[in-house]
Every structure is written in C-alpha cells, then in structure tokens.
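Okay, data.csv is below, CSV, C-alpha atoms:
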chain,number,residue,atom,x,y,z
A,1080,ASP,CA,102.1,23.4,137.9
A,1081,ILE,CA,102.7,26.8,136.2
A,1082,GLY,CA,100.2,29.4,137.3
A,1083,LEU,CA,96.5,29.5,138.0
A,1084,THR,CA,93.7,28.4,135.6
A,1085,HIS,CA,91.1,30.9,134.4
A,1086,ASP,CA,88.6,29.8,137.1
A,1087,GLU,CA,91.2,29.9,139.9
A,1088,ALA,CA,92.3,33.4,138.8
A,1089,ILE,CA,88.7,34.7,138.9
A,1090,ARG,CA,88.1,33.2,142.4
A,1091,ASN,CA,91.4,34.6,143.6
A,1092,ILE,CA,90.6,38.2,142.5
A,1093,ALA,CA,86.9,38.1,143.6
A,1094,HIS,CA,87.6,36.9,147.1
A,1095,ALA,CA,90.5,39.3,147.8
A,1096,ASP,CA,90.2,42.5,149.7
A,1097,VAL,CA,88.8,45.2,147.4
A,1098,HIS,CA,92.0,47.3,147.8
A,1099,THR,CA,94.3,44.5,146.6
A,1100,ALA,CA,95.2,45.0,142.9
A,1101,PHE,CA,96.4,42.1,140.7
A,1102,PHE,CA,98.8,41.9,137.8
A,1103,ILE,CA,98.2,38.8,135.6
A,1104,GLU,CA,101.1,37.8,133.6
A,1105,GLY,CA,101.2,35.0,131.1
A,1106,ASP,CA,102.1,33.6,127.6
A,1107,THR,CA,100.9,35.6,124.6
A,1108,GLY,CA,97.5,34.8,123.2
A,1109,ILE,CA,96.1,32.7,126.1
A,1110,GLY,CA,93.1,34.8,126.9
A,1111,LYS,CA,94.2,37.0,129.8
A,1112,SER,CA,91.7,39.7,128.8
A,1113,SER,CA,88.9,37.2,128.5
A,1114,ILE,CA,88.8,37.0,132.4
A,1115,LEU,CA,87.0,40.4,132.6
A,1116,ILE,CA,83.4,39.5,131.8
A,1117,PRO,CA,83.3,36.2,133.8
A,1118,LEU,CA,84.9,38.1,136.7
A,1119,ILE,CA,82.2,40.7,136.6
A,1120,ASP,CA,79.5,38.0,136.6
A,1121,TYR,CA,81.3,36.2,139.5
A,1122,LEU,CA,81.5,39.3,141.6
A,1123,ASN,CA,77.9,40.3,141.0
A,1124,ASN,CA,76.8,36.7,142.0
A,1125,LEU,CA,79.0,36.8,145.0
A,1126,TYR,CA,77.6,40.1,146.2
A,1127,PRO,CA,74.0,40.1,144.9
A,1128,ASP,CA,72.8,42.7,147.4
A,1129,ASP,CA,75.4,45.3,146.5
A,1130,ILE,CA,75.5,47.8,143.7
A,1131,PRO,CA,76.5,45.8,140.6
A,1132,TYR,CA,80.0,46.0,139.3
A,1133,GLU,CA,80.6,47.6,135.9
A,1134,SER,CA,83.6,46.9,133.7
A,1135,PHE,CA,86.0,49.6,132.6
A,1136,PHE,CA,88.5,48.3,130.0
A,1137,ILE,CA,91.7,50.3,129.2
A,1138,ASP,CA,93.9,49.2,126.4
A,1139,GLY,CA,97.4,49.8,127.9
A,1140,LEU,CA,99.1,49.2,124.6
A,1141,ALA,CA,97.2,52.1,122.9
A,1142,SER,CA,97.3,54.4,125.9
A,1143,GLN,CA,99.5,57.5,125.8
A,1144,ASP,CA,100.5,60.2,128.3
A,1145,GLY,CA,97.7,62.7,128.5
A,1146,ASP,CA,95.0,60.1,127.9
A,1147,TRP,CA,94.0,60.0,131.6
A,1148,ILE,CA,95.0,63.3,133.1
A,1149,ILE,CA,96.3,66.6,131.7
A,1150,PRO,CA,98.1,69.4,133.5
A,1151,THR,CA,96.1,72.6,133.7
A,1152,LEU,CA,96.7,76.1,135.2
A,1153,SER,CA,94.5,76.9,138.1
A,1154,LYS,CA,93.7,80.7,137.7
A,1155,GLN,CA,92.5,80.9,141.3
A,1156,GLU,CA,95.5,79.2,142.9
A,1157,GLY,CA,98.1,80.2,140.2
A,1158,ILE,CA,99.4,76.6,140.2
A,1159,ILE,CA,99.5,73.7,137.8
A,1160,GLU,CA,96.9,71.0,138.6
A,1161,GLN,CA,96.4,67.6,137.2
A,1162,GLN,CA,93.0,67.6,135.6
A,1163,ILE,CA,91.4,64.2,135.3
A,1164,LEU,CA,89.6,63.4,132.0
A,1165,GLN,CA,85.9,63.0,132.4
A,1166,HIS,CA,85.6,59.4,131.3
A,1167,MET,CA,88.3,58.4,133.8
A,1168,LYS,CA,86.5,60.2,136.6
A,1169,GLU,CA,83.1,58.7,135.8
A,1170,ASN,CA,84.4,55.1,135.6
A,1171,LEU,CA,86.9,55.1,138.5
A,1172,CYS,CA,85.6,57.6,140.9
A,1173,ASP,CA,81.9,57.9,140.4
A,1174,LYS,CA,81.1,54.2,139.8
A,1175,LYS,CA,82.0,50.9,141.4
A,1176,SER,CA,83.9,49.1,138.6
A,1177,VAL,CA,86.5,46.6,137.8
A,1178,CYS,CA,89.2,48.7,136.1
A,1179,PHE,CA,90.9,46.2,133.7
A,1180,ILE,CA,94.1,47.6,132.2
A,1181,ASP,CA,95.1,45.2,129.4
A,1182,GLU,CA,98.8,45.2,128.4
A,1183,ALA,CA,99.5,47.4,131.3
A,1184,SER,CA,103.2,46.7,131.3
A,1185,LYS,CA,103.5,48.2,127.8
A,1186,MET,CA,102.2,51.6,128.8
A,1187,PRO,CA,104.4,54.7,128.8
A,1188,ARG,CA,106.5,55.3,131.9
A,1189,GLY,CA,104.2,58.2,133.0
A,1190,LEU,CA,101.1,56.1,132.9
A,1191,LYS,CA,102.9,53.2,134.8
A,1192,LYS,CA,103.7,55.6,137.6
A,1193,LEU,CA,100.1,57.0,137.6
A,1194,THR,CA,98.8,53.4,137.8
A,1195,GLY,CA,100.9,52.7,140.9
A,1196,THR,CA,99.3,55.8,142.5
A,1197,MET,CA,95.8,54.8,141.5
A,1198,VAL,CA,96.0,51.2,142.8
A,1199,ARG,CA,97.8,51.9,146.0
A,1200,GLU,CA,96.9,55.4,147.1
A,1201,ARG,CA,93.4,55.0,145.7
A,1202,ARG,CA,93.3,58.3,143.9
A,1203,ILE,CA,93.7,59.8,140.4
A,1204,GLY,CA,94.9,63.4,140.6
A,1205,LYS,CA,93.0,64.9,143.5
A,1206,TYR,CA,90.0,62.6,143.1
A,1207,PRO,CA,89.5,59.5,145.3
A,1208,ILE,CA,88.8,56.2,143.6
A,1209,HIS,CA,85.4,54.7,144.4
A,1210,GLU,CA,85.6,52.6,147.5
A,1211,GLY,CA,84.3,49.5,145.6
A,1212,THR,CA,86.5,49.8,142.5
A,1213,ARG,CA,88.9,46.9,141.9
A,1214,PHE,CA,92.0,47.0,139.7
A,1215,VAL,CA,93.3,44.1,137.4
A,1216,LEU,CA,96.3,44.6,135.2
A,1217,THR,CA,97.6,42.2,132.6
A,1218,GLY,CA,100.9,41.7,130.6
A,1219,ASN,CA,103.1,39.2,128.9
A,1220,LEU,CA,105.9,37.4,130.5
A,1221,VAL,CA,109.1,39.4,130.7
A,1222,GLU,CA,111.0,36.4,129.2
A,1223,GLU,CA,109.1,36.7,126.0
A,1224,GLY,CA,111.0,39.9,125.1
A,1225,PHE,CA,108.0,42.2,124.4
A,1226,ASN,CA,109.3,44.9,126.8
A,1227,ASP,CA,106.8,43.9,129.5
A,1228,ALA,CA,108.4,45.1,132.6
A,1229,PHE,CA,107.4,47.3,135.6
A,1230,ASP,CA,109.9,49.0,137.8
A,1231,PRO,CA,110.3,46.8,140.9
A,1232,THR,CA,108.9,49.7,143.1
A,1233,GLN,CA,105.8,49.8,140.9
A,1234,GLY,CA,105.3,46.1,140.9
A,1235,ASN,CA,105.5,46.1,144.7
A,1236,ARG,CA,102.1,47.9,144.7
A,1237,TRP,CA,100.1,44.8,143.6
A,1238,THR,CA,100.0,41.1,143.7
A,1239,THR,CA,101.4,39.3,140.6
A,1240,PHE,CA,100.4,35.8,139.5
A,1241,ARG,CA,100.9,33.8,136.4
A,1242,LEU,CA,97.9,32.6,134.3
A,1243,LYS,CA,98.3,29.0,133.2
A,1244,LYS,CA,98.0,28.0,129.5
A,1245,PRO,CA,95.0,25.7,129.0
A,1246,THR,CA,95.6,22.5,127.1
A,1247,GLY,CA,94.2,22.1,123.6
A,1248,GLU,CA,91.5,19.8,125.1
A,1249,GLU,CA,90.5,22.4,127.7
A,1250,TRP,CA,90.3,25.1,125.1
A,1251,VAL,CA,88.1,23.0,122.9
A,1252,GLU,CA,85.7,22.1,125.7
A,1253,ASN,CA,85.5,25.6,127.2
A,1254,TYR,CA,85.9,27.9,124.2
A,1255,ALA,CA,86.1,26.5,120.7
A,1256,SER,CA,83.2,24.0,120.9
A,1257,PRO,CA,80.7,26.4,122.5
A,1258,ARG,CA,81.6,29.0,119.8
A,1259,LYS,CA,81.4,26.4,117.0
A,1260,LEU,CA,84.8,27.1,115.7
A,1261,ASN,CA,85.8,25.2,112.6
A,1262,PRO,CA,85.9,21.4,113.2
A,1263,LEU,CA,89.4,21.2,111.7
A,1264,ILE,CA,90.8,23.7,114.2
A,1265,GLN,CA,89.1,21.8,117.1
A,1266,TRP,CA,90.6,18.5,115.8
A,1267,PHE,CA,94.1,20.1,115.6
A,1268,ALA,CA,93.8,21.5,119.2
A,1269,LEU,CA,92.8,18.0,120.5
A,1270,GLU,CA,95.5,16.3,118.4
A,1271,LYS,CA,98.2,18.5,119.8
A,1272,SER,CA,96.6,19.2,123.1
A,1273,ALA,CA,99.7,18.8,125.4
A,1274,GLN,CA,102.0,20.8,123.1
A,1275,LEU,CA,99.6,23.7,122.8
A,1276,GLY,CA,99.2,23.8,126.6
A,1277,GLU,CA,102.9,24.0,127.0
A,1278,SER,CA,104.7,27.3,127.7
A,1279,PHE,CA,108.0,28.0,126.1
A,1280,THR,CA,109.4,28.4,129.6
A,1281,GLU,CA,108.7,24.7,130.2
A,1282,VAL,CA,110.3,23.7,126.9
A,1283,ASN,CA,113.4,25.7,127.5
A,1284,ALA,CA,113.7,24.4,131.1
A,1285,ARG,CA,114.4,20.9,129.6
A,1286,LYS,CA,117.8,22.3,128.5
A,1287,TYR,CA,118.0,21.1,124.9
A,1288,LYS,CA,121.4,21.1,123.2
A,1289,SER,CA,120.4,23.4,120.3
A,1290,ASN,CA,117.6,25.6,119.1
A,1291,GLU,CA,116.8,23.1,116.4
A,1292,ASP,CA,116.1,20.5,119.2
A,1293,ILE,CA,113.9,23.0,120.9
A,1294,ASN,CA,111.9,23.5,117.7
A,1295,VAL,CA,111.6,19.8,117.1
A,1296,ALA,CA,110.2,19.4,120.7
A,1297,ASN,CA,107.5,21.9,120.1
A,1298,PRO,CA,107.3,23.5,116.6
A,1299,PHE,CA,104.0,25.2,117.2
A,1300,ILE,CA,104.2,27.7,120.0
A,1301,PHE,CA,106.0,31.0,120.4
A,1302,ASN,CA,109.5,30.7,121.7
A,1303,PRO,CA,111.9,33.6,121.9
A,1304,LEU,CA,114.9,31.3,121.3
A,1305,VAL,CA,113.4,30.1,118.0
A,1306,PRO,CA,111.9,33.2,116.4
A,1307,LYS,CA,108.9,32.7,114.0
A,1308,LYS,CA,106.8,35.2,112.1
A,1309,SER,CA,103.7,33.2,112.9
A,1310,PHE,CA,102.9,30.6,115.6
A,1311,VAL,CA,100.0,28.9,117.4
A,1312,THR,CA,98.2,30.6,120.2
A,1313,PHE,CA,94.6,30.1,121.0
A,1314,ARG,CA,94.0,33.6,119.7
A,1315,SER,CA,95.6,32.7,116.3
A,1316,LEU,CA,93.7,29.4,116.2
A,1317,GLU,CA,90.4,31.4,116.3
A,1318,ILE,CA,91.7,33.6,113.4
A,1319,ALA,CA,92.6,30.4,111.4
A,1320,SER,CA,89.1,29.1,112.1
A,1321,GLY,CA,87.6,32.0,110.2
A,1322,HIS,CA,89.9,31.4,107.2
A,1323,LEU,CA,88.9,27.8,107.1
A,1324,ASP,CA,85.2,28.7,107.2
A,1325,ARG,CA,85.7,30.6,104.0
A,1326,MET,CA,87.8,28.0,102.2
A,1327,ASP,CA,84.9,27.0,99.9
A,1328,LEU,CA,84.8,30.6,98.7
A,1329,LEU,CA,88.5,31.4,98.5
A,1330,GLY,CA,90.0,28.0,97.6
A,1331,LYS,CA,92.7,25.9,99.2
A,1332,LYS,CA,95.6,27.9,97.9
A,1333,THR,CA,94.5,31.2,99.5
A,1334,THR,CA,93.4,29.4,102.7
A,1335,TYR,CA,96.8,27.7,102.9
A,1336,HIS,CA,98.6,31.1,102.8
A,1337,ASN,CA,96.2,32.6,105.3
A,1338,LEU,CA,96.9,29.8,107.7
A,1339,LEU,CA,100.7,30.2,107.2
A,1340,GLY,CA,100.4,33.8,108.3
A,1341,SER,CA,98.1,33.0,111.2
A,1342,ILE,CA,99.4,29.8,112.9
A,1343,GLY,CA,102.7,29.1,111.1
A,1344,ALA,CA,103.9,26.3,108.8
A,1345,PRO,CA,104.0,23.3,111.1
A,1346,ALA,CA,100.4,23.8,112.2
A,1347,THR,CA,99.2,24.6,108.7
A,1348,GLN,CA,100.7,21.4,107.4
A,1349,GLU,CA,98.9,19.4,110.1
A,1350,VAL,CA,95.6,21.1,109.3
A,1351,PHE,CA,95.9,20.5,105.6
A,1352,ARG,CA,96.7,16.9,106.3
A,1353,ALA,CA,93.3,16.8,108.0
A,1354,ILE,CA,91.7,18.7,105.2
A,1355,THR,CA,92.7,15.9,102.8
A,1356,MET,CA,91.0,13.4,105.2
A,1357,GLY,CA,88.0,15.7,105.7
A,1358,ASP,CA,87.3,15.8,102.0
A,1359,LYS,CA,86.2,12.2,102.3
A,1360,LEU,CA,83.6,13.0,105.0
A,1361,PRO,CA,79.9,13.5,104.1
A,1362,HIS,CA,78.4,17.0,103.8
A,1363,ALA,CA,75.9,18.2,106.4
A,1364,ASP,CA,73.0,17.8,104.0
A,1365,GLU,CA,73.9,14.2,103.3
A,1366,VAL,CA,73.8,13.4,107.0
A,1367,ILE,CA,70.5,15.2,107.6
A,1368,ASN,CA,68.8,13.8,104.5
A,1369,ASN,CA,70.2,10.3,104.7
A,1370,PRO,CA,71.4,9.5,108.2
A,1371,ASP,CA,71.0,5.7,107.7
A,1372,THR,CA,73.2,5.6,104.6
A,1373,ALA,CA,75.6,8.6,104.7
A,1374,LYS,CA,79.2,7.5,104.8
A,1375,VAL,CA,80.6,6.9,108.3
A,1376,PRO,CA,84.3,7.6,108.8
A,1377,GLU,CA,86.7,5.0,110.2
A,1378,ARG,CA,88.1,5.4,113.7
A,1379,GLY,CA,90.8,8.0,114.1
A,1380,ALA,CA,91.3,11.7,113.0
A,1381,CYS,CA,88.4,11.6,110.5
A,1382,SER,CA,85.9,10.4,113.1
A,1383,THR,CA,87.0,13.2,115.5
A,1384,ILE,CA,86.6,15.8,112.8
A,1385,MET,CA,83.2,14.4,112.0
A,1386,VAL,CA,82.1,14.7,115.6
A,1387,HIS,CA,82.9,18.4,115.6
A,1388,LYS,CA,81.1,18.8,112.3
A,1389,LEU,CA,78.0,17.2,113.8
A,1390,LEU,CA,78.2,19.5,116.9
A,1391,ASN,CA,78.3,22.6,114.6
A,1392,MET,CA,75.4,21.4,112.5
A,1393,VAL,CA,73.0,20.0,115.1
A,1394,SER,CA,69.8,21.9,115.7
A,1395,ILE,CA,66.3,21.5,117.1
A,1396,LYS,CA,65.2,20.7,113.5
A,1397,ASN,CA,67.7,17.9,112.7
A,1398,TYR,CA,68.7,16.4,116.0
A,1399,LYS,CA,67.0,13.1,115.2
A,1400,ALA,CA,68.9,12.7,112.0
A,1401,VAL,CA,72.2,13.6,113.7
A,1402,TRP,CA,71.6,11.1,116.5
A,1403,THR,CA,70.6,8.4,114.0
A,1404,TYR,CA,73.9,9.0,112.2
A,1405,LEU,CA,75.9,9.1,115.4
A,1406,LEU,CA,74.6,5.7,116.4
A,1407,ARG,CA,76.4,4.2,113.4
A,1408,MET,CA,79.8,5.7,114.6
A,1409,GLU,CA,82.1,4.3,117.3
A,1410,ILE,CA,80.9,4.5,120.9
A,1411,ASP,CA,83.7,6.9,121.9
A,1412,CYS,CA,82.5,9.3,119.2
A,1413,GLN,CA,79.0,9.2,120.7
A,1414,PHE,CA,80.4,10.0,124.2
A,1415,MET,CA,82.6,12.8,122.8
A,1416,PHE,CA,79.6,14.4,121.1
A,1417,LEU,CA,77.4,14.3,124.2
A,1418,GLU,CA,80.1,15.5,126.6
A,1419,LEU,CA,80.9,18.5,124.4
A,1420,LEU,CA,77.1,19.2,123.9
A,1421,LYS,CA,76.7,19.1,127.7
A,1422,LYS,CA,79.5,21.7,128.1
A,1423,ARG,CA,77.5,24.0,125.7
A,1424,ARG,CA,74.2,23.4,127.4
A,1425,THR,CA,74.5,25.8,130.2
A,1426,ASN,CA,75.3,28.8,127.9
A,1427,GLU,CA,73.0,28.3,124.9
A,1428,ASN,CA,69.2,28.1,125.0
A,1429,ASP,CA,69.1,26.4,121.6
A,1430,VAL,CA,71.4,23.6,122.9
A,1431,LEU,CA,69.2,23.3,126.0
A,1432,LYS,CA,66.2,22.7,123.7
A,1433,ILE,CA,68.2,20.1,121.7
A,1434,THR,CA,69.2,18.2,124.8
A,1435,GLU,CA,65.6,18.3,126.2
A,1436,ALA,CA,64.3,17.0,122.9
A,1437,LEU,CA,67.0,14.2,122.8
A,1438,ALA,CA,65.9,13.2,126.3
A,1439,ARG,CA,62.4,12.5,124.9
A,1440,LEU,CA,63.8,10.4,122.0
A,1441,GLY,CA,63.3,6.7,122.6
A,1442,GLU,CA,66.5,5.6,120.8
A,1443,PHE,CA,68.5,8.1,123.0
A,1444,THR,CA,67.0,7.1,126.3
A,1445,LYS,CA,67.7,3.5,125.5
A,1446,TRP,CA,71.3,4.4,124.7
A,1447,CYS,CA,71.6,6.3,128.0
A,1448,SER,CA,70.3,3.3,129.9
A,1449,THR,CA,72.7,0.9,128.2
A,1450,ASN,CA,75.7,3.2,128.7
A,1451,SER,CA,74.8,4.7,132.1
A,1452,TRP,CA,74.9,8.2,130.9
A,1453,GLY,CA,72.7,11.3,131.3
A,1454,PHE,CA,72.7,15.0,131.0
A,1455,SER,CA,73.3,16.8,134.3
A,1456,GLU,CA,70.3,18.5,135.7
A,1457,ASP,CA,72.1,21.5,137.2
A,1458,LYS,CA,71.4,24.6,135.1
A,1459,LYS,CA,72.6,28.1,135.3

Let me see the file written as structure tokens.
Amino acid sequence: DIGLTHDEAIRNIAHADVHTAFFIEGDTGIGKSSILIPLIDYLNNLYPDDIPYESFFIDGLASQDGDWIIPTLSKQEGIIEQQILQHMKENLCDKKSVCFIDEASKMPRGLKKLTGTMVRERRIGKYPIHEGTRFVLTGNLVEEGFNDAFDPTQGNRWTTFRLKKPTGEEWVENYASPRKLNPLIQWFALEKSAQLGESFTEVNARKYKSNEDINVANPFIFNPLVPKKSFVTFRSLEIASGHLDRMDLLGKKTTYHNLLGSIGAPATQEVFRAITMGDKLPHADEVINNPDTAKVPERGACSTIMVHKLLNMVSIKNYKAVWTYLLRMEIDCQFMFLELLKKRRTNENDVLKITEALARLGEFTKWCSTNSWGFSEDKK
C-alpha cells in the first residue's frame, strides 16, 4: 500500500507531538493542500478546551527570499539583524497556528534553510515560535522531475510520509459528488477508478518493455517516462467539470478543445463517448414534470450518468419526483443514489432536509423495508 490516505494523514499529524513537523509528498494534483482545513477542524475537536488553532497558509512556489525576513542594520548595536516581517511574526509567534507551507520543496534555497531553522529550532530570526504552532510542508515526488528536493540535512528535521492517491470511486464519494461536479466527470472517475488511483511509480514498477506499453497500461495519468502536455489528476478533472457545465453555451467543439487542454486526449475521448450516450438521457425538467413517463436509460454507463444527474438536481421541492423516477430504474441505481446522498448528508443542510423528507415518504419507507436499507442516524 503506497502511502497514507487523507484521513490517516490528518490523524497522524494531529496526534503527533506539537514539535514534530511533517513533510507530505505525493503525486501531482491529488489534493495535498486540501488537508489543511479538515486538519484544523480535527485539532480543534481533539483539543476543545485549548485556544483554537488558526491556519497560516504559505505558497512555497510563489515565495521568494526576503518574503519572510529581511536584513536590517541595528543602529544601537551596529550589526546586521534579521528583521521578521510583521505577518510572519503575527501568525507564527503571536498565534497558535498550523503553518502549512504548500510546495515547500520548490522554495528558494535560502527559504528552505530558514524553514529548517523554524521547524527544528522553533524560532524565526530572534523570535521564538508560539509553543502550540505546528508545521506541515508539502511537495511533489522527487521522481516526477519537478525539482522537488530538499538537502538531506534539511529533510532530517521533519518526518516525511507519502500521501496515497484516492481511487476514482473514493474521489467521487468524498469530493466530486458532495460538490455536485458534472455527472460526466463523475461517471468517468468511476469508470476508470483503478487507473486514476494508480501512481506512475506503480505503473513503472511493472517494468514494461517500452514507453508505448507504459502508455497503453495507463494513458490517463502523469508519467515522467511518457511526457504529455495535459493529463488527468483530480485537480484537472474539477477544471474539466467546469468546462462541461458550460457546454450548452460554448458548444461541443470548444468544450472538446478545453478538455484536451485540461485532461488530455485519452480522457477527453472517453468523456465525449459518454456525451454521445448522455444526449439520449432526459433533461431535468422532463424528470421533474413527468417522472412516470420520462425515458429511463438502459443498464450501463447511461444509467450511472443519470444517477449523478439526479443527485445534482434533487432538492426539497422535487425529491418526490426524483424518487418516483428512480423507482423505475435498476435497483443498483437506487442504491448508488442513496449511498452517495448519504455521504453528502453530514455536510449539507439541504441534503439533510431532503433525506428527512424522504424518510416520511410512504413509497420510500416501503422500499427501505423491502431492501433492508436506511439512513444512518449519526450526524455531525
């Protein structure tokens, strides 16, 4: 198993000694920086009686020497001192924070050395770091070739672990579905779940005879042995989702080229294959206005896409129509809809209202009884 999941990473950092800094490395575009907010929430729930943690985000890629401290002449002492910039002092020394340095391994050499001093000696210039402040750094894998490397003596100052890529299915359940990303993108992530969850290091470890064989094995993801201008990451899938949402306005030709430049040719071709199938699906207003007669897709890709369309359209106003339509689909589509809706339930008040309304619907309670299914009662 390569690396820790997002949840494991958060628990690992939160339960460590406050003076232990972490460097999270991982494949490009897998959401390393997305750990910050749930980490803050976890820490504040873990230590509810303490002063709450605040987040301090630093973009290492954009940081330059002089952004944190600057040399100044002390007139009294007649010597050069390192003067800390006010925003650094406030966030690192005066507050208890999680200092999250994204793309830390791409910083200039001077800032890398300064980071080592901060996390190990717990000071910046002459100012001590707040006793409760924690440090988390991120960067890409060295093998990716993006110049992500710390000097070994610097790396010896923190604990490094690898963040595992989620599968397409995990990404849909935990990220894409709750954020109502385009149904076609969610379908693609589910269809190619294992390949999207694969790291190029796993592919290359299989020792294919040629780069062409490597590309055939996984044509979607980034691989330094098979350079591509565009490729699939979960970050670029979210970008592609936005382009697909505007396809009615911009047209298929423009959308096709936008996808080519976001997720690459192999993924674009797969998505457009699904678009052809999706053109045969009923529009939202057809389902809502005529749930008993609107066309129901056959089993397969079309039905999966339709489930995600229903999830994106369901509301407290139309949930009865959506459920009436769903009852005409395959049983596995009904389970998929409800399981994904349950995932969103803990984070969205509107979804909570929908599920509570469904629970009072006679047709729904009858279905639950027949299929031994129910919404979990634990709520955040």

Q. So what do you get for CA of Lys1243 in chain A versus CA of Gln1265 in chain A, distance-wise?
A.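 Rounded to one decimal, the two atoms are 19.9 Å apart.
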
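For the residues A:Ile1264, A:Leu1420, A:Leu1122, A:Met1356, ranking by smallest atom-to-atom distance to Glu1252 in chain A using only C-alpha atoms places A:Leu1420 first.
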
Each residue of range 1346-1437 of chain A lying at most 9 Å from range 1319-1340 of chain A should get a row with its shortest atom-to-atom pair and the distance in Å to one decimal, counting all atoms listed in the file; could you produce that, ordered by chain and increasing number, as CSV?
residue,atom,partner,partner_atom,distance
A:Ala1346,CA,A:Leu1339,CA,8.1
A:Thr1347,CA,A:Leu1338,CA,5.8
A:Gln1348,CA,A:Tyr1335,CA,8.7
A:Val1350,CA,A:Leu1338,CA,8.9
A:Phe1351,CA,A:Tyr1335,CA,7.7

Restricting it to C-alpha atoms, dump the selection as a PDB file, in the coordinates of the input.
ATOM      1  CA  ALA A1346     100.400  23.800 112.200  1.00  0.00           C
ATOM      2  CA  THR A1347      99.200  24.600 108.700  1.00  0.00           C
ATOM      3  CA  GLN A1348     100.700  21.400 107.400  1.00  0.00           C
ATOM      4  CA  VAL A1350      95.600  21.100 109.300  1.00  0.00           C
ATOM      5  CA  PHE A1351      95.900  20.500 105.600  1.00  0.00           C
TER       6      PHE A1351
END

**Q.** Between CA of Ala1088 in chain A and CA of Glu1104 in chain A - distance in Å to one decimal
**A.**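 Separation of CA of Glu1104 in chain A and CA of Ala1088 in chain A: 11.1 Å.
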
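Distances from A:Leu1260, A:Ile1119, A:Met1415, A:Val1393 to Ala1093 in chain A were compared using all atoms listed in the file, and the smallest one belongs to A:Ile1119.
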
Q. If you measure from CA of Arg1213 in chain A to CA of Gly1108 in chain A, what distance in Å do you get, rounded to one decimal?
A.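 Computed distance, CA of Arg1213 in chain A to CA of Gly1108 in chain A, equals 23.9 Å.
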
Return as a Markdown table the residues of range 1094-1209 of chain A lying at most 12 Å from range 1285-1304 of chain A, together with the closest atom-to-atom pair for each and the distance in Å to one decimal, counting all atoms listed in the file, with rows in chain order and ascending residue number.
| residue | atom | partner | partner_atom | distance |
| --- | --- | --- | --- | --- |
| A:Asp1106 | CA | A:Phe1301 | CA | 8.6 |
| A:Thr1107 | CA | A:Phe1301 | CA | 8.1 |
| A:Gly1108 | CA | A:Phe1301 | CA | 9.7 |
| A:Ile1109 | CA | A:Ile1300 | CA | 11.3 |

Q: Quick one: everything within 8 Å of Met1385 in chain A, counting all atoms listed in the file, minus sequence neighbours fewer than 4 positions away in the same chain. Send it as a count of residues only.
A: 5

Q | Selection: 9 Å around range 1085-1087 of chain A, all atoms listed in the file, excl. self and same-chain fewer than 5 positions, as a PyMOL selection string | A | chain A and resi 1092+1110-1111+1113-1114+1117+1242-1245

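With all atoms listed in the file as the basis for measurement, A:Lys1259 is the residue among A:Asn1450, A:Ala1344, A:Lys1259, A:Phe1313 that approaches Val1386 in chain A most closely.
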
Q: Might you pull out every residue within 12 Å of range 1192-1198 of chain A, with only C-alpha atoms counted and same-chain residues fewer than 6 positions away left off, and present them as JSON, numbers by chain?
A: {"A": [1097, 1098, 1099, 1100, 1101, 1102, 1137, 1139, 1143, 1144, 1145, 1146, 1147, 1148, 1149, 1161, 1163, 1167, 1168, 1171, 1172, 1177, 1178, 1179, 1180, 1183, 1184, 1186, 1204, 1205, 1206, 1207, 1208, 1209, 1210, 1212, 1213, 1214, 1215, 1216, 1229, 1230, 1231, 1232, 1233, 1234, 1235, 1236, 1237, 1238]}

(Q) Applying 10 Å and all atoms listed in the file, which residues near Phe1225 in chain A remain after dropping the ones on its own chain fewer than 2 positions away? List them as a PyMOL selection string. (A) chain A and resi 1107+1184-1185+1218-1223+1227-1228+1303
